[in-house]
2 protein chains.
Amino acid sequence: MTSQTPEQRLQTRNIQPTAMRMLVVDFLVQHKAAVSLSDLEEHFSHSDRTTLYRTLKTFQEKGLVHQIHDESGSAKYALCAEDCNCSYPDDMHVHFYCSSCENTFCFPNLPIPQFDFPEHFEASHGNFVITGICPSCPA
Amino acid sequence: MTSQTPEQRLQTRNIQPTAMRMLVVDFLVQHKAAVSLSDLEEHFSHSDRTTLYRTLKTFQEKGLVHQIHDESGSAKYALCAEDCNCSYPDDMHVHFYCSSCENTFCFPNLPIPQFDFPEHFEASHGNFVITGICPSCPA
DNA sequence: GAAATGTTTGCAATAGTGTTGCACGCAGCC
DNA sequence: GGCTGCGTGCAACACTATTGCAAACATTTC
């Protein structure tokens with residue numbers, strides 16, 4: 001699945017593969033941790049903040065990335081698995097946010113359980129983040 | 001436990017019980033849903049934004065409330081149980097965010113499970129929110 | 001090729017949340 | 001009284017998220 005080219009990833013999700021978008025996908029692929037808008041801004045300093053913002057928004061709408069809200073205060077984004085549509089309870093996994101290095105990691109193999117909400121609570125998706133210290137940071 | 005007076009709640013957590021703080025606690029007690037800073041601002045329009053902000057911050061530091069990050073973008077706060085210290089994996093529960101009415105509800109009786117993170121990921125607390133539609137909102 | 005159309009990008013500006021510095025007021029204490 | 005500590009209010013600021021508008025570019029149609 002990681003063998004897909006950026007262009008293929010975009011086309012699979014019905015996103016016009018522009019140069020900018022392919023660069024962003026590439027950046028996402030290469031990063032183990034989830035990426036914030038500021039991260040993109042920093043890396044693509046020649047490009048505009050708005051463009052990157054809208055790029056991420058498009059990606060999210062088309063299901064190419066999922067958004068993660070951790071304690072850093074700013075939203076982060078990570079690539080979805082190829083067949084994922086980010087819905088609860090099937091396609092969701094837990095994330096780990098390191099409060100020291102402020103990185104957020106996906107754990108696709110740690111799915112979230114089904115919760116027994118009272119009648120008429122219709123769940124669609126969710127946001128699961130455990131905060132702590134990651135292996136790269138001193139405890 | 002809900003029979004505690006605001007003053008008692010504050011004293012239990014070693015917080016000086018000022019008039020303002022007791023009013024805020026009262027507001028939190030009466031609200032089923034979690035409360036954002038804007039909610040407080042709106043309700044205590046005679047009071048200052050900063051005061052409310054710092055009040056919530058103090059409450060959080062002393063363990064009187066816990067912070068919830070839902071998809072609304074702004075942090076929300078809800079009262080902790082009397083004996084809670086909001087640490088993972090013991091004292092945490094799942095929340096439900098209604099994307100229609102934008103309310104966030106606590107489910108203290110739906111604890112979050114222990115996840116099997118790889119070695120050296122030291123978890124301390126977390127943020128668990130399922131998004132969907134609540135019973136009060138049309139689907 | 002030129003005109004028309006739609007999409008992407010860049011620039012400017014703005015809203016809203018979160019946060020800090022500083023000064024004032026008030027209580028308790030010497 | 002004067003000192004100290006804490007809570008509150010005002011002002012200002014940083015940063016994220018978001019929108020409007022215009023230029024650039026691609027695609028289609030004539």
# chains A, B, ... in the order shown; residues from 1 in each chain; ligands from 1
>>> calpha_fit_and_write(fixed="chain A", moving="chain B", output="compact mmCIF listing (two decimals) with C-alpha atoms, in the first residue's frame")
# COMPACT_ATOMS: atom_id res chain seq x y z
CA MET B 1 0.09 -0.06 -0.18
CA THR B 2 2.94 2.29 0.63
CA SER B 3 4.20 1.51 -2.85
CA GLN B 4 1.58 3.79 -4.35
CA THR B 5 2.94 6.90 -5.98
CA PRO B 6 1.61 10.27 -4.82
CA GLU B 7 -0.14 10.63 -8.13
CA GLN B 8 -1.87 7.29 -7.74
CA ARG B 9 -2.96 8.15 -4.24
CA LEU B 10 -4.58 11.33 -5.46
CA GLN B 11 -6.28 9.68 -8.38
CA THR B 12 -7.66 6.89 -6.23
CA ARG B 13 -9.47 9.52 -4.19
CA ASN B 14 -10.56 11.56 -7.18
CA ILE B 15 -8.30 14.48 -6.51
CA GLN B 16 -6.76 16.38 -9.41
CA PRO B 17 -3.03 15.68 -9.11
CA THR B 18 -1.41 19.09 -9.30
CA ALA B 19 2.29 19.61 -8.62
CA MET B 20 1.63 21.18 -5.25
CA ARG B 21 -0.65 18.40 -4.12
CA MET B 22 1.82 15.72 -5.08
CA LEU B 23 4.51 17.46 -3.09
CA VAL B 24 2.25 17.61 -0.06
CA VAL B 25 1.36 13.94 -0.36
CA ASP B 26 5.03 13.16 -0.65
CA PHE B 27 5.72 15.11 2.50
CA LEU B 28 2.95 13.24 4.33
CA VAL B 29 4.25 9.88 3.18
CA GLN B 30 7.75 10.62 4.37
CA HIS B 31 6.68 11.80 7.79
CA LYS B 32 6.08 9.18 10.41
CA ALA B 33 4.30 11.67 12.62
CA ALA B 34 1.13 13.55 11.78
CA VAL B 35 1.61 16.92 10.16
CA SER B 36 0.18 20.30 11.08
CA LEU B 37 -0.51 23.23 8.82
CA SER B 38 2.45 25.04 10.38
CA ASP B 39 4.70 22.12 9.54
CA LEU B 40 3.69 22.40 5.92
CA GLU B 41 4.14 26.15 5.97
CA GLU B 42 7.61 25.76 7.33
CA HIS B 43 8.61 23.15 4.79
CA PHE B 44 6.99 24.80 1.78
CA SER B 45 8.06 28.29 2.67
CA HIS B 46 7.87 29.41 -0.92
CA SER B 47 4.22 28.49 -1.05
CA ASP B 48 1.21 30.16 0.46
CA ARG B 49 -0.46 29.33 3.73
CA THR B 50 -3.91 29.40 2.18
CA THR B 51 -3.00 26.98 -0.56
CA LEU B 52 -1.69 24.48 1.96
CA TYR B 53 -4.74 24.98 4.13
CA ARG B 54 -7.06 24.30 1.25
CA THR B 55 -4.97 21.39 0.08
CA LEU B 56 -5.36 19.70 3.45
CA LYS B 57 -9.04 20.50 3.50
CA THR B 58 -9.53 18.95 0.11
CA PHE B 59 -7.55 15.89 1.14
CA GLN B 60 -9.70 15.51 4.21
CA GLU B 61 -12.97 15.88 2.32
CA LYS B 62 -11.88 13.27 -0.18
CA GLY B 63 -10.79 10.90 2.57
CA LEU B 64 -7.11 10.93 1.76
CA VAL B 65 -6.11 12.15 5.21
CA HIS B 66 -7.73 12.22 8.63
CA GLN B 67 -7.62 15.06 11.08
CA ILE B 68 -6.34 14.60 14.61
CA HIS B 69 -6.94 16.98 17.49
CA ASP B 70 -4.24 16.62 20.08
CA GLU B 71 -3.27 18.83 22.99
CA SER B 72 -0.99 20.97 20.87
CA GLY B 73 -4.01 23.05 20.00
CA SER B 74 -3.52 22.89 16.27
CA ALA B 75 -5.06 20.25 14.08
CA LYS B 76 -2.82 17.62 12.57
CA TYR B 77 -3.24 15.43 9.53
CA ALA B 78 -2.13 11.94 8.64
CA LEU B 79 -2.62 9.77 5.57
CA CYS B 80 -5.41 7.25 5.68
CA ALA B 81 -4.99 3.65 4.72
CA GLU B 82 -5.97 2.97 1.16
CA ASP B 83 -9.33 1.43 1.98
CA CYS B 84 -10.14 3.61 4.96
CA ASN B 85 -13.08 5.94 5.22
CA CYS B 86 -12.48 7.02 8.79
CA SER B 87 -15.85 6.08 10.18
CA TYR B 88 -16.67 4.79 13.63
CA PRO B 89 -16.36 2.14 14.77
CA ASP B 90 -14.67 0.33 11.91
CA ASP B 91 -11.97 2.50 10.49
CA MET B 92 -10.60 4.21 13.52
CA HIS B 93 -7.43 3.82 15.47
CA VAL B 94 -5.78 5.40 18.44
CA HIS B 95 -3.10 8.11 18.31
CA PHE B 96 -0.26 8.91 20.62
CA TYR B 97 0.72 12.50 21.29
CA CYS B 98 4.11 13.11 22.87
CA SER B 99 3.87 16.16 25.09
CA SER B 100 7.62 16.58 24.93
CA CYS B 101 8.42 16.60 21.21
CA GLU B 102 4.80 17.40 20.30
CA ASN B 103 4.66 14.71 17.68
CA THR B 104 1.52 12.71 17.09
CA PHE B 105 1.70 9.13 15.86
CA CYS B 106 -0.91 6.88 14.32
CA PHE B 107 -1.42 3.33 15.53
CA PRO B 108 -3.50 1.75 12.80
CA ASN B 109 -3.17 -1.63 14.45
CA LEU B 110 -4.75 -0.40 17.67
CA PRO B 111 -8.40 -0.03 16.72
CA ILE B 112 -10.83 1.63 19.05
CA PRO B 113 -13.55 -0.49 20.59
CA GLN B 114 -17.25 -0.05 20.17
CA PHE B 115 -18.79 1.92 23.03
CA ASP B 116 -22.20 1.31 24.44
CA PHE B 117 -23.76 4.74 24.18
CA PRO B 118 -27.33 5.19 25.34
CA GLU B 119 -30.12 4.93 22.83
CA HIS B 120 -30.20 7.47 19.98
CA PHE B 121 -26.61 8.57 20.13
CA GLU B 122 -25.59 8.10 16.51
CA ALA B 123 -21.82 7.89 16.27
CA SER B 124 -20.12 8.62 12.98
CA HIS B 125 -16.44 9.14 13.67
CA GLY B 126 -14.10 10.17 16.43
CA ASN B 127 -10.84 11.42 17.80
CA PHE B 128 -8.73 9.24 20.04
CA VAL B 129 -5.49 10.54 21.43
CA ILE B 130 -3.42 9.29 24.32
CA THR B 131 -0.90 11.78 25.61
CA GLY B 132 2.44 10.88 27.14
CA ILE B 133 6.12 10.57 26.38
CA CYS B 134 7.41 8.79 23.29
CA PRO B 135 10.48 6.55 23.14
CA SER B 136 12.62 9.28 21.56
CA CYS B 137 12.12 11.65 24.47
CA PRO B 138 13.67 11.35 27.92
CA ALA B 139 11.12 10.63 30.63
>>> interface_residues(of="chain C", to="chain B", cutoff="10 Å", atoms="only C-alpha atoms (C1' of nucleotides)", output="PyMOL selection string")
chain C and resi 16-19
>>> select_by_dssp(residues="chain B", states="alpha helix (DSSP H)", output="number ranges by chain")
B: 6-12, 19-30, 37-43, 49-61
>>> select_by_dssp(residues="segment 36-98 of chain B", states="strand (DSSP E or B)", output="ChimeraX atom specification")
/B:36,65-69,75-79,93-98
>>> residues_around(residues="DT14 of chain C", least_positions_apart="2", cutoff="12 Å", atoms="only C-alpha atoms (C1' of nucleotides)", output="MDAnalysis selection string")
(chainID C and resid 12 16) or (chainID D and resid 17:20)
>>> decode(residues="segment 4-16 of chain D", atoms="N, CA and C atoms (P, O5', C5', C4', C3', O3' and C1' of nucleotides)", output="short mmCIF file (atom, residue, chain, number, x, y, z; two decimals), in the first residue's frame")
data_model
loop_
_atom_site.label_atom_id
_atom_site.label_comp_id
_atom_site.auth_asym_id
_atom_site.auth_seq_id
_atom_site.Cartn_x
_atom_site.Cartn_y
_atom_site.Cartn_z
P DT D 4 7.09 43.63 51.18
"O5'" DT D 4 6.02 42.46 51.04
"C5'" DT D 4 5.73 41.63 52.18
"C4'" DT D 4 4.58 40.71 51.83
"C3'" DT D 4 4.62 40.15 50.40
"O3'" DT D 4 4.66 38.73 50.44
"C1'" DT D 4 2.45 40.98 50.95
P DG D 5 4.80 37.90 49.08
"O5'" DG D 5 3.31 37.35 48.89
"C5'" DG D 5 2.60 36.82 50.01
"C4'" DG D 5 1.21 36.43 49.56
"C3'" DG D 5 1.16 35.83 48.15
"O3'" DG D 5 0.26 34.72 48.14
"C1'" DG D 5 -0.22 37.75 48.26
P DC D 6 0.14 33.83 46.81
"O5'" DC D 6 -1.35 34.17 46.36
"C5'" DC D 6 -2.39 34.13 47.34
"C4'" DC D 6 -3.61 34.82 46.77
"C3'" DC D 6 -3.99 34.36 45.36
"O3'" DC D 6 -5.32 33.89 45.39
"C1'" DC D 6 -3.97 36.73 45.53
P DG D 7 -5.95 33.15 44.13
"O5'" DG D 7 -6.98 34.24 43.59
"C5'" DG D 7 -7.98 34.72 44.49
"C4'" DG D 7 -8.67 35.91 43.86
"C3'" DG D 7 -9.23 35.66 42.46
"O3'" DG D 7 -10.58 36.11 42.44
"C1'" DG D 7 -7.84 37.58 42.45
P DT D 8 -11.48 35.84 41.17
"O5'" DT D 8 -11.36 37.24 40.42
"C5'" DT D 8 -11.83 38.42 41.08
"C4'" DT D 8 -11.48 39.65 40.27
"C3'" DT D 8 -11.97 39.63 38.82
"O3'" DT D 8 -12.95 40.65 38.68
"C1'" DT D 8 -9.73 40.45 39.01
P DG D 9 -13.76 40.82 37.32
"O5'" DG D 9 -12.92 41.93 36.56
"C5'" DG D 9 -12.81 43.22 37.13
"C4'" DG D 9 -11.99 44.12 36.23
"C3'" DG D 9 -12.39 44.11 34.76
"O3'" DG D 9 -12.51 45.46 34.33
"C1'" DG D 9 -10.06 43.67 34.98
P DC D 10 -13.04 45.83 32.90
"O5'" DC D 10 -11.71 46.26 32.15
"C5'" DC D 10 -10.90 47.29 32.70
"C4'" DC D 10 -9.64 47.47 31.88
"C3'" DC D 10 -9.86 47.43 30.36
"O3'" DC D 10 -9.30 48.59 29.78
"C1'" DC D 10 -8.11 45.97 31.00
P DA D 11 -9.49 48.91 28.24
"O5'" DA D 11 -8.07 48.49 27.64
"C5'" DA D 11 -6.88 48.95 28.27
"C4'" DA D 11 -5.70 48.24 27.65
"C3'" DA D 11 -5.76 48.13 26.12
"O3'" DA D 11 -4.62 48.75 25.55
"C1'" DA D 11 -5.23 46.03 27.12
P DA D 12 -4.49 48.90 23.96
"O5'" DA D 12 -3.39 47.79 23.62
"C5'" DA D 12 -2.37 47.49 24.55
"C4'" DA D 12 -1.81 46.13 24.25
"C3'" DA D 12 -1.71 45.82 22.75
"O3'" DA D 12 -0.35 45.73 22.39
"C1'" DA D 12 -2.58 43.97 24.00
P DC D 13 0.08 45.46 20.85
"O5'" DC D 13 0.34 43.89 20.84
"C5'" DC D 13 1.04 43.28 21.92
"C4'" DC D 13 0.95 41.77 21.79
"C3'" DC D 13 1.12 41.26 20.35
"O3'" DC D 13 2.19 40.34 20.34
"C1'" DC D 13 -0.73 40.24 21.40
P DA D 14 2.83 39.83 18.97
"O5'" DA D 14 2.44 38.30 19.04
"C5'" DA D 14 2.78 37.54 20.20
"C4'" DA D 14 2.30 36.11 20.00
"C3'" DA D 14 2.56 35.56 18.60
"O3'" DA D 14 2.93 34.20 18.72
"C1'" DA D 14 0.23 35.55 19.05
P DC D 15 3.54 33.43 17.44
"O5'" DC D 15 2.40 32.39 17.09
"C5'" DC D 15 1.69 31.78 18.16
"C4'" DC D 15 0.37 31.27 17.63
"C3'" DC D 15 0.44 30.74 16.20
"O3'" DC D 15 0.02 29.39 16.23
"C1'" DC D 15 -1.44 32.14 16.50
P DT D 16 0.22 28.42 14.94
"O5'" DT D 16 -1.26 27.90 14.67
"C5'" DT D 16 -2.10 27.64 15.77
"C4'" DT D 16 -3.55 27.71 15.32
"C3'" DT D 16 -3.81 27.05 13.96
"O3'" DT D 16 -4.78 26.04 14.15
"C1'" DT D 16 -4.78 29.22 14.07
#
